[in-house]
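Below is one structure, written out as structure tokens, with a few remarks after it.
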Amino acid sequence: KSRLFEPLGMPRSFLNNSGSLQSPHAQTYSDAFSYIDPDVPPVGRTTDWSQSYVWAAGGMASTISDLGRWGRALGTGRGAIPASLAAERLDNCAPSVPGTATEYCLGLVVTRNTATDKSTTLWHNGRVFGAVAYVGYYPATGAVVAVMANCDMEGPDGQHVSMRAKAAIEAAVPGLLGL
């Protein structure tokens, strides 16, 4: 809180260890357990579940405006990490899927233009029972896209709703994002 959320001006973001959200907030729903046990209702409310089991790997509760601030810090490093580390993290990457333009680089995913090798998007997504999120920074224009959804269902393509929203936004406004 004192190292990231307060300096970045993210007053409604916190590590949700208790399952207690600040009002107003959305409700979250999951169908994950109906795959395991057909006697479990197909969609259950998960709003008050503690996220302590995922800790920093997905236990953050936030608002869309706070995620916008987080996206800028994720992309530029400003306010979150030293400038030297912000530049270095893009040089230490491993392909997420060999042969694709997506790499995992010290805490963020980077999508590169394969023709120019320039970073087009610095992003991360997350998923817990009942909620998904995507935050992306687009360095060519400085734009930030933040998507939150109160479900964890996957589409027929195997992608969850936040990644489908990312693709739709990028297709709709490529010029605003510098794509």
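We name chains A, B, ... following the order of the structure tokens; residues begin at 1 in each chain, and ligands are numbered from 1 as shown.
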
Residues near Ser96 (chain A), cut-off 12 Å, only C-alpha atoms, skip fewer than 5 positions along chain, as a PyMOL selection string | chain A and resi 101-105+108-112

Practice item. Select from region 44-114 of chain A everything DSSP, run on the backbone, classes as alpha helix (DSSP H), then give the selection as a PyMOL selection string. Key: chain A and resi 64-76+83-88

- Which of chain A fall in strand (DSSP E), as a PyMOL selection string: chain A and resi 14-15+29-30+44-45+60-61+94-95+102-105+108-112+119-128+131-138+143-149

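Taking only C-alpha atoms into account, Gly126 (chain A) lies nearest to A:Ala61 out of the set A:Ala171, A:Asn113, A:Ile81, A:Ala61.
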
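Candidate residues A:Asn150, A:Ser84, A:Thr121, A:Gln51 were compared for distance to Asp31 (chain A), and the nearest is A:Asn150, using only C-alpha atoms.
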
field: Residues near Cys151 (chain A), cut-off 12 Å, only C-alpha atoms, skip fewer than 2 positions along chain, as a list of chain:residue names
entry: A:Ala26, A:Gln27, A:Thr28, A:Tyr29, A:Ser30, A:Asp31, A:Ala32, A:Val43, A:Gly44, A:Arg45, A:Thr46, A:Thr47, A:Gly126, A:Arg127, A:Val128, A:Phe129, A:Gly130, A:Ala131, A:Val132, A:Ala133, A:Met148, A:Ala149, A:Met153, A:Glu154, A:Gly155, A:His160, A:Val161, A:Ser162

Dump of N, CA, C and O atoms for the selected residues, as an mmCIF file, in the first residue's frame:
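What ended up in out.cif:
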```
data_model
loop_
_atom_site.group_PDB
_atom_site.id
_atom_site.type_symbol
_atom_site.label_atom_id
_atom_site.label_comp_id
_atom_site.auth_asym_id
_atom_site.auth_seq_id
_atom_site.Cartn_x
_atom_site.Cartn_y
_atom_site.Cartn_z
ATOM 1 N N ALA A 26 -18.909 -4.297 -7.758
ATOM 2 C CA ALA A 26 -19.640 -5.261 -8.582
ATOM 3 C C ALA A 26 -19.716 -6.597 -7.858
ATOM 4 O O ALA A 26 -18.967 -6.855 -6.916
ATOM 5 N N GLN A 27 -20.611 -7.427 -8.309
ATOM 6 C CA GLN A 27 -20.706 -8.803 -7.823
ATOM 7 C C GLN A 27 -19.893 -9.683 -8.767
ATOM 8 O O GLN A 27 -19.792 -9.404 -9.955
ATOM 9 N N THR A 28 -19.296 -10.739 -8.245
ATOM 10 C CA THR A 28 -18.534 -11.648 -9.084
ATOM 11 C C THR A 28 -19.163 -13.036 -9.044
ATOM 12 O O THR A 28 -19.745 -13.431 -8.038
ATOM 13 N N TYR A 29 -19.033 -13.751 -10.161
ATOM 14 C CA TYR A 29 -19.659 -15.054 -10.310
ATOM 15 C C TYR A 29 -18.698 -16.016 -10.993
ATOM 16 O O TYR A 29 -17.920 -15.619 -11.849
ATOM 17 N N SER A 30 -18.778 -17.282 -10.622
ATOM 18 C CA SER A 30 -17.918 -18.289 -11.227
ATOM 19 C C SER A 30 -18.710 -19.551 -11.527
ATOM 20 O O SER A 30 -19.624 -19.915 -10.792
ATOM 21 N N ASP A 31 -18.318 -20.210 -12.605
ATOM 22 C CA ASP A 31 -18.896 -21.510 -12.930
ATOM 23 C C ASP A 31 -17.844 -22.610 -12.844
ATOM 24 O O ASP A 31 -18.063 -23.729 -13.274
ATOM 25 N N ALA A 32 -16.691 -22.287 -12.261
ATOM 26 C CA ALA A 32 -15.558 -23.220 -12.253
ATOM 27 C C ALA A 32 -15.871 -24.547 -11.574
ATOM 28 O O ALA A 32 -15.421 -25.595 -12.039
ATOM 29 N N VAL A 43 -23.502 -21.472 -11.859
ATOM 30 C CA VAL A 43 -22.931 -20.159 -11.603
ATOM 31 C C VAL A 43 -23.151 -19.822 -10.139
ATOM 32 O O VAL A 43 -24.274 -19.820 -9.653
ATOM 33 N N GLY A 44 -22.065 -19.566 -9.446
ATOM 34 C CA GLY A 44 -22.153 -19.225 -8.030
ATOM 35 C C GLY A 44 -21.524 -17.869 -7.765
ATOM 36 O O GLY A 44 -20.599 -17.444 -8.457
ATOM 37 N N ARG A 45 -22.032 -17.181 -6.760
ATOM 38 C CA ARG A 45 -21.530 -15.865 -6.380
ATOM 39 C C ARG A 45 -20.243 -16.020 -5.578
ATOM 40 O O ARG A 45 -20.187 -16.779 -4.620
ATOM 41 N N THR A 46 -19.196 -15.285 -5.962
ATOM 42 C CA THR A 46 -17.895 -15.374 -5.311
ATOM 43 C C THR A 46 -17.440 -14.032 -4.730
ATOM 44 O O THR A 46 -16.301 -13.893 -4.309
ATOM 45 N N THR A 47 -18.327 -13.065 -4.700
ATOM 46 C CA THR A 47 -17.974 -11.697 -4.318
ATOM 47 C C THR A 47 -17.247 -11.607 -2.984
ATOM 48 O O THR A 47 -16.273 -10.867 -2.853
ATOM 49 N N GLY A 126 -5.218 -11.019 -15.437
ATOM 50 C CA GLY A 126 -5.372 -11.842 -14.251
ATOM 51 C C GLY A 126 -6.746 -12.459 -14.195
ATOM 52 O O GLY A 126 -7.679 -12.008 -14.856
ATOM 53 N N ARG A 127 -6.839 -13.500 -13.368
ATOM 54 C CA ARG A 127 -8.112 -14.217 -13.264
ATOM 55 C C ARG A 127 -8.165 -14.921 -11.920
ATOM 56 O O ARG A 127 -7.209 -15.583 -11.520
ATOM 57 N N VAL A 128 -9.244 -14.729 -11.226
ATOM 58 C CA VAL A 128 -9.557 -15.487 -10.018
ATOM 59 C C VAL A 128 -11.000 -15.942 -10.156
ATOM 60 O O VAL A 128 -11.698 -15.540 -11.088
ATOM 61 N N PHE A 129 -11.449 -16.773 -9.245
ATOM 62 C CA PHE A 129 -12.826 -17.249 -9.329
ATOM 63 C C PHE A 129 -13.789 -16.067 -9.328
ATOM 64 O O PHE A 129 -13.931 -15.362 -8.347
ATOM 65 N N GLY A 130 -14.407 -15.815 -10.465
ATOM 66 C CA GLY A 130 -15.436 -14.797 -10.560
ATOM 67 C C GLY A 130 -15.007 -13.454 -11.108
ATOM 68 O O GLY A 130 -15.828 -12.568 -11.276
ATOM 69 N N ALA A 131 -13.740 -13.249 -11.401
ATOM 70 C CA ALA A 131 -13.309 -11.950 -11.912
ATOM 71 C C ALA A 131 -12.108 -12.115 -12.823
ATOM 72 O O ALA A 131 -11.252 -12.963 -12.602
ATOM 73 N N VAL A 132 -12.063 -11.283 -13.857
ATOM 74 C CA VAL A 132 -10.925 -11.234 -14.766
ATOM 75 C C VAL A 132 -10.576 -9.772 -15.015
ATOM 76 O O VAL A 132 -11.415 -8.884 -14.877
ATOM 77 N N ALA A 133 -9.324 -9.532 -15.369
ATOM 78 C CA ALA A 133 -8.889 -8.175 -15.676
ATOM 79 C C ALA A 133 -7.768 -8.208 -16.706
ATOM 80 O O ALA A 133 -7.025 -9.184 -16.817
ATOM 81 N N MET A 148 -12.195 -4.882 -16.884
ATOM 82 C CA MET A 148 -12.546 -5.753 -15.760
ATOM 83 C C MET A 148 -13.877 -6.408 -16.088
ATOM 84 O O MET A 148 -14.748 -5.781 -16.682
ATOM 85 N N ALA A 149 -14.029 -7.658 -15.696
ATOM 86 C CA ALA A 149 -15.295 -8.354 -15.905
ATOM 87 C C ALA A 149 -15.588 -9.211 -14.692
ATOM 88 O O ALA A 149 -14.681 -9.774 -14.081
ATOM 89 N N MET A 153 -15.876 -17.015 -17.198
ATOM 90 C CA MET A 153 -16.210 -17.940 -18.260
ATOM 91 C C MET A 153 -15.324 -17.722 -19.482
ATOM 92 O O MET A 153 -14.927 -16.610 -19.780
ATOM 93 N N GLU A 154 -15.029 -18.800 -20.163
ATOM 94 C CA GLU A 154 -14.241 -18.729 -21.379
ATOM 95 C C GLU A 154 -15.166 -18.871 -22.575
ATOM 96 O O GLU A 154 -16.194 -19.521 -22.499
ATOM 97 N N GLY A 155 -14.766 -18.256 -23.678
ATOM 98 C CA GLY A 155 -15.522 -18.384 -24.909
ATOM 99 C C GLY A 155 -15.116 -19.637 -25.656
ATOM 100 O O GLY A 155 -14.224 -20.377 -25.233
ATOM 101 N N HIS A 160 -10.645 -15.936 -22.021
ATOM 102 C CA HIS A 160 -11.656 -15.358 -21.149
ATOM 103 C C HIS A 160 -12.037 -13.965 -21.638
ATOM 104 O O HIS A 160 -11.402 -13.389 -22.516
ATOM 105 N N VAL A 161 -13.085 -13.439 -21.082
ATOM 106 C CA VAL A 161 -13.735 -12.247 -21.600
ATOM 107 C C VAL A 161 -12.811 -11.032 -21.643
ATOM 108 O O VAL A 161 -12.900 -10.217 -22.558
ATOM 109 N N SER A 162 -11.885 -10.875 -20.712
ATOM 110 C CA SER A 162 -11.019 -9.695 -20.748
ATOM 111 C C SER A 162 -10.095 -9.712 -21.959
ATOM 112 O O SER A 162 -9.814 -8.672 -22.556
#
```

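The residue that comes closest to Val144 (chain A), out of A:Asp39, A:Glu170, A:Asp117, A:Glu6 and on the basis of only C-alpha atoms, is A:Glu170.
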
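Every protein, DNA or RNA residue with an atom at most 9 Å from Thr141 (chain A), where only C-alpha atoms count and chain neighbours fewer than 4 positions away do not, is listed here: Tyr137, Gly175, Leu176, Leu177 and Gly178 of chain A.
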
Counting only C-alpha atoms, the residue among A:Leu179, A:Met10, A:Thr116, A:Tyr134 that lies closest to Arg69 (chain A) is A:Met10

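Relative to CA of Leu74 (chain A), CA of His124 (chain A) is found at 8.6 Å.
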